[in-house]
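Chemist: Shown below is the structure under consideration.
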Amino acid sequence: MNHYKHMKKTYWLFLAPVLIILFLVIVLPFIYGIYTSFTNSNGLTMSFIGLTNYKELFNDQRFLESMNITFWFSIFSVILVNVIGLGLGLLVTTIQGKFATFLRTTFFVPNLIGGVILGFIWQFIFIQAFSAIGSTTGIPFFDNWLATSVSGFWALVIVFVWQMSGYVMLIYISFLTSISQTVLDSAKMDGANAWQMFWYIKFPTVAPAFTISLFLTLTNAFRLYDLNLTLTNGGPFGSTEMLAMNIYNTAFQEYSQGYAQAKGVIFFIIVTIVTVIQLNLTRKREMDI
């Protein structure tokens with residue numbers, strides 16, 4: 001009994017530093033942020049104003065537009081990243097030898113590039129390279145990228161998908177490689193074609209990977225900031241300003257930190273609700289499969 005009590009004390013003794021750091025770095029700032037959302041804080045002074053910030057933000061057209069842009073960006077990005085990531089995973093697990101390793105490395109490399117650097121690289125491609133191609137070929141498609149809200153939006157989607165697809169590919173590969181080759185060979189002998197093998201054997205196997213991949217891509221899409229900053233900087237005229245950038249600009253450009261915290265709280269609630277719904281739906285899908 002005494003040995004058990006000693007082990008329990010030792011357990012909490014080793015765990016205490018981590019819990020203290022988590023409380024100081026995450027829990028305490030989160031609680032303080034919620035309190036700040038009920039104030040008119042500008043970073044220097046602060047006074048309690050109740051629900052004023054929350055009432056104001058639901059009439060804030062710029063905030064609502066950034067929420068709408070973030071929503072559609074997340075929808076398109078999540079679908080494309082997972083479809084392309086799964087396709088790449090199927091491709092590299094079908095090919096054998098060193099070429100498969102080369103492809104895996106090539107597809108994953110974009111994920112190693114930081115969002116800030118990635119944004120500047122693609123900004124050069126969209127503005128300089130595309131303009132050169134457009135002037136040479138005379139094709140209007142390559143002109144004025146990042147100059148309109150539509151092209152700026154799709155530029156963000158393209159770069160985000162390019163960056164994340166290789167990372168998601170690795171998740172799908174880890175599940176696809178767990179399929180026994182004996183099972184695949186038996187299916188071939190029974191006359192199953194490529195589509196039947198995918199739908200009845202491979203797809204059920206990667207169902208748990210969908211839960212992980214959708215969660216990662218969804219959360220990354222919602223909180224995207226660095227790529228939004230360097231690629232379009234919210235332009236033109238704020239038409240591609242996503243939620244994270246809107247909150248940052250409110251806090252550190254307009255110096256309305258209480259109002260920005262209220263936006264952050266709403267942002268947190270939205271992301272939490274969407275994530276919980278997504279996890280429940282995908283896990284239910286796993287059970288059905």
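Naming works like this for the structure tokens: A, B, ... for the chains as they're shown, residue 1 at the start of each chain, ligands 1 onward in shown order.
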Tell me, as a PDB file with N, CA, C and O atoms, in the first residue's frame, which residues lie within 10 Å of Val78 of chain A, counting only C-alpha atoms; anything in the same chain fewer than 5 positions away does not count.
Modeler:
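Written out: out.pdb:
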```
ATOM      1  N   TRP A  72     -15.614  28.726 -47.371  1.00  0.00           N
ATOM      2  CA  TRP A  72     -15.510  28.163 -48.716  1.00  0.00           C
ATOM      3  C   TRP A  72     -14.096  27.688 -49.022  1.00  0.00           C
ATOM      4  O   TRP A  72     -13.909  26.672 -49.694  1.00  0.00           O
ATOM      5  N   PHE A  73     -13.113  28.418 -48.528  1.00  0.00           N
ATOM      6  CA  PHE A  73     -11.727  27.984 -48.697  1.00  0.00           C
ATOM      7  C   PHE A  73     -11.518  26.616 -48.044  1.00  0.00           C
ATOM      8  O   PHE A  73     -10.883  25.723 -48.631  1.00  0.00           O
ATOM      9  N   VAL A  83      -8.589  14.200 -51.777  1.00  0.00           N
ATOM     10  CA  VAL A  83      -8.711  13.456 -53.034  1.00  0.00           C
ATOM     11  C   VAL A  83      -7.343  13.288 -53.678  1.00  0.00           C
ATOM     12  O   VAL A  83      -6.958  12.178 -54.092  1.00  0.00           O
ATOM     13  N   VAL A 157      -6.163  28.516 -52.592  1.00  0.00           N
ATOM     14  CA  VAL A 157      -6.544  27.102 -52.595  1.00  0.00           C
ATOM     15  C   VAL A 157      -5.462  26.257 -53.260  1.00  0.00           C
ATOM     16  O   VAL A 157      -5.062  25.208 -52.738  1.00  0.00           O
ATOM     17  N   PHE A 160      -2.281  26.018 -51.023  1.00  0.00           N
ATOM     18  CA  PHE A 160      -2.548  25.214 -49.824  1.00  0.00           C
ATOM     19  C   PHE A 160      -2.634  23.729 -50.179  1.00  0.00           C
ATOM     20  O   PHE A 160      -2.072  22.878 -49.485  1.00  0.00           O
ATOM     21  N   VAL A 161      -3.326  23.416 -51.279  1.00  0.00           N
ATOM     22  CA  VAL A 161      -3.451  22.027 -51.727  1.00  0.00           C
ATOM     23  C   VAL A 161      -2.083  21.477 -52.122  1.00  0.00           C
ATOM     24  O   VAL A 161      -1.736  20.338 -51.789  1.00  0.00           O
ATOM     25  N   MET A 164      -0.175  20.752 -48.790  1.00  0.00           N
ATOM     26  CA  MET A 164      -0.691  19.752 -47.857  1.00  0.00           C
ATOM     27  C   MET A 164      -0.864  18.355 -48.449  1.00  0.00           C
ATOM     28  O   MET A 164      -0.896  17.373 -47.713  1.00  0.00           O
ATOM     29  N   SER A 165      -0.997  18.255 -49.767  1.00  0.00           N
ATOM     30  CA  SER A 165      -1.314  16.959 -50.380  1.00  0.00           C
ATOM     31  C   SER A 165      -0.259  15.899 -50.086  1.00  0.00           C
ATOM     32  O   SER A 165      -0.584  14.737 -49.809  1.00  0.00           O
ATOM     33  N   SER A 213      -6.934  12.646 -41.570  1.00  0.00           N
ATOM     34  CA  SER A 213      -6.601  13.603 -42.633  1.00  0.00           C
ATOM     35  C   SER A 213      -7.604  14.759 -42.686  1.00  0.00           C
ATOM     36  O   SER A 213      -7.213  15.918 -42.860  1.00  0.00           O
ATOM     37  N   LEU A 214      -8.880  14.454 -42.558  1.00  0.00           N
ATOM     38  CA  LEU A 214      -9.894  15.507 -42.570  1.00  0.00           C
ATOM     39  C   LEU A 214      -9.717  16.447 -41.388  1.00  0.00           C
ATOM     40  O   LEU A 214      -9.850  17.666 -41.522  1.00  0.00           O
ATOM     41  N   PHE A 215      -9.398  15.884 -40.224  1.00  0.00           N
ATOM     42  CA  PHE A 215      -9.178  16.714 -39.040  1.00  0.00           C
ATOM     43  C   PHE A 215      -8.000  17.657 -39.244  1.00  0.00           C
ATOM     44  O   PHE A 215      -8.091  18.861 -38.974  1.00  0.00           O
ATOM     45  N   LEU A 216      -6.885  17.120 -39.738  1.00  0.00           N
ATOM     46  CA  LEU A 216      -5.682  17.937 -39.932  1.00  0.00           C
ATOM     47  C   LEU A 216      -5.884  19.018 -40.989  1.00  0.00           C
ATOM     48  O   LEU A 216      -5.515  20.177 -40.783  1.00  0.00           O
ATOM     49  N   THR A 217      -6.460  18.643 -42.128  1.00  0.00           N
ATOM     50  CA  THR A 217      -6.645  19.621 -43.203  1.00  0.00           C
ATOM     51  C   THR A 217      -7.685  20.668 -42.826  1.00  0.00           C
ATOM     52  O   THR A 217      -7.541  21.845 -43.171  1.00  0.00           O
ATOM     53  N   LEU A 218      -8.714  20.255 -42.118  1.00  0.00           N
ATOM     54  CA  LEU A 218      -9.766  21.193 -41.722  1.00  0.00           C
ATOM     55  C   LEU A 218      -9.238  22.229 -40.744  1.00  0.00           C
ATOM     56  O   LEU A 218      -9.472  23.439 -40.917  1.00  0.00           O
ATOM     57  N   THR A 219      -8.510  21.785 -39.725  1.00  0.00           N
ATOM     58  CA  THR A 219      -7.973  22.725 -38.746  1.00  0.00           C
ATOM     59  C   THR A 219      -6.923  23.647 -39.360  1.00  0.00           C
ATOM     60  O   THR A 219      -6.877  24.847 -39.051  1.00  0.00           O
ATOM     61  N   ASN A 220      -6.077  23.097 -40.234  1.00  0.00           N
ATOM     62  CA  ASN A 220      -5.061  23.922 -40.900  1.00  0.00           C
ATOM     63  C   ASN A 220      -5.689  24.941 -41.836  1.00  0.00           C
ATOM     64  O   ASN A 220      -5.209  26.077 -41.950  1.00  0.00           O
ATOM     65  N   ALA A 221      -6.754  24.549 -42.531  1.00  0.00           N
ATOM     66  CA  ALA A 221      -7.434  25.469 -43.453  1.00  0.00           C
ATOM     67  C   ALA A 221      -8.101  26.601 -42.690  1.00  0.00           C
ATOM     68  O   ALA A 221      -8.026  27.764 -43.101  1.00  0.00           O
TER      69      ALA A 221
END
```
Chemist: Using only C-alpha atoms, which of A:Leu156, A:Ala207, A:Leu19, A:Leu28 sits nearest Glu241 of chain A?
Modeler: A:Leu156
Chemist: Near Ser239 of chain A, within 10 Å and counting only C-alpha atoms, which residues show up once chain neighbours fewer than 4 positions away are dropped, as JSON, numbers by chain?
Modeler: {"A": [62, 65, 66, 69, 148, 149, 150, 152, 153, 232, 233, 234, 235]}
Chemist: Let me see the file: selected residues, C-alpha atoms, as a PDB file, in the first residue's frame.
Modeler:
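Below is the file selection_1.pdb, written as the result:
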```pdb
ATOM      1  CA  ARG A  62     -15.797  42.646 -42.936  1.00  0.00           C
ATOM      2  CA  GLU A  65     -17.082  38.245 -45.245  1.00  0.00           C
ATOM      3  CA  SER A  66     -13.825  36.833 -43.878  1.00  0.00           C
ATOM      4  CA  ILE A  69     -14.201  33.226 -47.384  1.00  0.00           C
ATOM      5  CA  THR A 148      -9.123  39.897 -58.497  1.00  0.00           C
ATOM      6  CA  SER A 149     -10.987  38.352 -55.573  1.00  0.00           C
ATOM      7  CA  VAL A 150     -11.793  35.176 -57.536  1.00  0.00           C
ATOM      8  CA  GLY A 152      -6.806  35.459 -55.423  1.00  0.00           C
ATOM      9  CA  PHE A 153      -9.116  32.978 -53.677  1.00  0.00           C
ATOM     10  CA  THR A 232      -2.394  38.059 -51.139  1.00  0.00           C
ATOM     11  CA  ASN A 233      -2.180  40.021 -47.867  1.00  0.00           C
ATOM     12  CA  GLY A 234      -5.979  39.873 -47.865  1.00  0.00           C
ATOM     13  CA  GLY A 235      -6.211  41.787 -51.136  1.00  0.00           C
TER      14      GLY A 235
END
```
Chemist: Restricting the calculation to only C-alpha atoms, which member of A:Leu112, A:Met197, A:Ala209, A:Ala251 is positioned closest to Leu170 of chain A?
Modeler: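 Among A:Leu112, A:Met197, A:Ala209, A:Ala251, it is A:Ala209 that comes nearest to Leu170 of chain A.
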Chemist: Which residue gives the smallest distance to Gly114 of chain A among A:Ser77, A:Asn82, A:Thr230, A:Ser186, with only C-alpha atoms counted?
Modeler: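 So, comparing all the options, the nearest one is A:Thr230.
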Chemist: What is the distance, in Å and to one decimal place, between atom CA of Thr106 of chain A and atom CA of Leu118 of chain A?
Modeler: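 Atom-to-atom, atom CA of Thr106 of chain A to atom CA of Leu118 of chain A, that is 15.6 Å.
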Chemist: At what distance in Å, to one decimal, does atom CA of Pro236 of chain A lie from atom CA of Pro140 of chain A?
Modeler: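 For atom CA of Pro140 of chain A relative to atom CA of Pro236 of chain A, the distance reads 19.2 Å.
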Chemist: Quick one: pull the distance between atom CA of Trp199 of chain A and atom CA of Gln278 of chain A, Å, one decimal.
Modeler: 21.8 Å
Chemist: I'd like the neighbourhood of Asp143 of chain A as a PDB file with all heavy atoms, in the first residue's frame, where a residue qualifies if any of its atoms comes within 8 Å (using only C-alpha atoms), though same-chain residues fewer than 3 positions away should be ignored.
Modeler:
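Contents of result-v2.pdb, as written:
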```pdb
ATOM      1  N   PHE A 130       3.481  33.776 -64.494  1.00  0.00           N
ATOM      2  CA  PHE A 130       2.215  33.700 -65.226  1.00  0.00           C
ATOM      3  C   PHE A 130       2.061  34.856 -66.211  1.00  0.00           C
ATOM      4  O   PHE A 130       1.550  34.673 -67.323  1.00  0.00           O
ATOM      5  CB  PHE A 130       1.034  33.675 -64.251  1.00  0.00           C
ATOM      6  CG  PHE A 130       0.680  32.300 -63.757  1.00  0.00           C
ATOM      7  CD1 PHE A 130       1.656  31.336 -63.580  1.00  0.00           C
ATOM      8  CD2 PHE A 130      -0.631  31.960 -63.472  1.00  0.00           C
ATOM      9  CE1 PHE A 130       1.348  30.062 -63.129  1.00  0.00           C
ATOM     10  CE2 PHE A 130      -0.966  30.691 -63.032  1.00  0.00           C
ATOM     11  CZ  PHE A 130       0.026  29.740 -62.845  1.00  0.00           C
ATOM     12  N   SER A 131       2.492  36.044 -65.807  1.00  0.00           N
ATOM     13  CA  SER A 131       2.407  37.199 -66.706  1.00  0.00           C
ATOM     14  C   SER A 131       3.283  36.992 -67.936  1.00  0.00           C
ATOM     15  O   SER A 131       2.888  37.338 -69.057  1.00  0.00           O
ATOM     16  CB  SER A 131       2.826  38.473 -65.969  1.00  0.00           C
ATOM     17  OG  SER A 131       1.932  38.757 -64.932  1.00  0.00           O
ATOM     18  N   GLY A 134       1.534  34.502 -70.126  1.00  0.00           N
ATOM     19  CA  GLY A 134       0.379  35.131 -70.761  1.00  0.00           C
ATOM     20  C   GLY A 134       0.764  36.058 -71.892  1.00  0.00           C
ATOM     21  O   GLY A 134       0.126  36.060 -72.949  1.00  0.00           O
ATOM     22  N   SER A 135       1.819  36.847 -71.688  1.00  0.00           N
ATOM     23  CA  SER A 135       2.251  37.771 -72.738  1.00  0.00           C
ATOM     24  C   SER A 135       2.861  37.040 -73.923  1.00  0.00           C
ATOM     25  O   SER A 135       2.775  37.502 -75.068  1.00  0.00           O
ATOM     26  CB  SER A 135       3.262  38.771 -72.169  1.00  0.00           C
ATOM     27  OG  SER A 135       4.409  38.090 -71.669  1.00  0.00           O
ATOM     28  N   ILE A 139      -2.662  33.985 -73.966  1.00  0.00           N
ATOM     29  CA  ILE A 139      -3.800  33.343 -73.281  1.00  0.00           C
ATOM     30  C   ILE A 139      -4.207  34.199 -72.085  1.00  0.00           C
ATOM     31  O   ILE A 139      -3.408  34.408 -71.163  1.00  0.00           O
ATOM     32  CB  ILE A 139      -3.412  31.919 -72.817  1.00  0.00           C
ATOM     33  CG1 ILE A 139      -2.981  31.064 -74.022  1.00  0.00           C
ATOM     34  CG2 ILE A 139      -4.580  31.260 -72.095  1.00  0.00           C
ATOM     35  CD1 ILE A 139      -2.467  29.691 -73.641  1.00  0.00           C
ATOM     36  N   PRO A 140      -5.434  34.696 -72.052  1.00  0.00           N
ATOM     37  CA  PRO A 140      -5.875  35.594 -70.967  1.00  0.00           C
ATOM     38  C   PRO A 140      -5.866  34.938 -69.591  1.00  0.00           C
ATOM     39  O   PRO A 140      -5.813  35.641 -68.579  1.00  0.00           O
ATOM     40  CB  PRO A 140      -7.305  35.964 -71.387  1.00  0.00           C
ATOM     41  CG  PRO A 140      -7.382  35.666 -72.845  1.00  0.00           C
ATOM     42  CD  PRO A 140      -6.460  34.520 -73.077  1.00  0.00           C
TER      43      PRO A 140
END
```
Chemist: Which polymer residues have any atom within 12 Å of an atom of Leu64 of chain A, counting only C-alpha atoms, with same-chain residues fewer than 2 positions away left out, as a list in words?
Modeler: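 Once the adjacent positions are removed, what remains is Glu56, Leu57, Phe58, Asn59, Asp60, Gln61, Arg62, Ser66, Met67, Asn68, Ile69, Thr70, Phe71, Gly238, Ser239, Glu241, Met242, Leu243, Asn246, Ile247, Lys263, Ile266 and Phe267 of chain A.
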Chemist: For the residues in the current selection, export C-alpha atoms as a CSV table (one decimal), in the first residue's frame.
Modeler:
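Dumped everything to part_22.csv:
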```
chain,number,residue,atom,x,y,z
A,56,GLU,CA,-20.9,44.5,-32.8
A,57,LEU,CA,-19.1,41.7,-34.5
A,58,PHE,CA,-22.3,40.1,-35.8
A,59,ASN,CA,-22.9,43.4,-37.7
A,60,ASP,CA,-19.3,43.7,-38.8
A,61,GLN,CA,-19.5,43.1,-42.6
A,62,ARG,CA,-15.8,42.6,-42.9
A,66,SER,CA,-13.8,36.8,-43.9
A,67,MET,CA,-15.8,34.1,-42.2
A,68,ASN,CA,-17.5,33.3,-45.5
A,69,ILE,CA,-14.2,33.2,-47.4
A,70,THR,CA,-12.7,30.9,-44.7
A,71,PHE,CA,-15.7,28.6,-44.9
A,238,GLY,CA,-9.8,42.8,-48.3
A,239,SER,CA,-11.6,40.3,-50.6
A,241,GLU,CA,-8.9,38.3,-46.0
A,242,MET,CA,-9.5,35.1,-44.0
A,243,LEU,CA,-10.6,34.9,-40.3
A,246,ASN,CA,-9.0,39.6,-39.8
A,247,ILE,CA,-8.5,38.9,-36.1
A,263,LYS,CA,-13.7,37.4,-32.7
A,266,ILE,CA,-16.3,33.0,-31.8
A,267,PHE,CA,-13.6,31.6,-34.1
```
Chemist: So which one's closest to Gly50 of chain A, A:Val27, A:Leu231, A:Gly258, A:Val159? Using only C-alpha atoms, please.
Modeler: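 Of A:Val27, A:Leu231, A:Gly258, A:Val159, the one nearest Gly50 of chain A, counting only C-alpha atoms, is A:Gly258.
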Chemist: Which residue, A:Phe237, A:Gln96, A:Met189, A:Val18, has the smallest gap to Ala147 of chain A when you use only C-alpha atoms?
Modeler: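 Between A:Phe237, A:Gln96, A:Met189, A:Val18, the residue approaching Ala147 of chain A most closely is A:Phe237.
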Chemist: Might you pull out every residue within 12 Å of Thr94 of chain A, with only C-alpha atoms counted and same-chain residues fewer than 4 positions away left off, and present them as a PyMOL selection string?
Modeler: chain A and resi 87-90+99-101+103-104+173+176-177+181+184+194+198+202
Chemist: So which residues of segment 41-134 of chain A fall under alpha helix (DSSP H) by DSSP, listed as number ranges by chain?
Modeler: A: 52-57, 61-94, 98-112, 115-124, 130-134
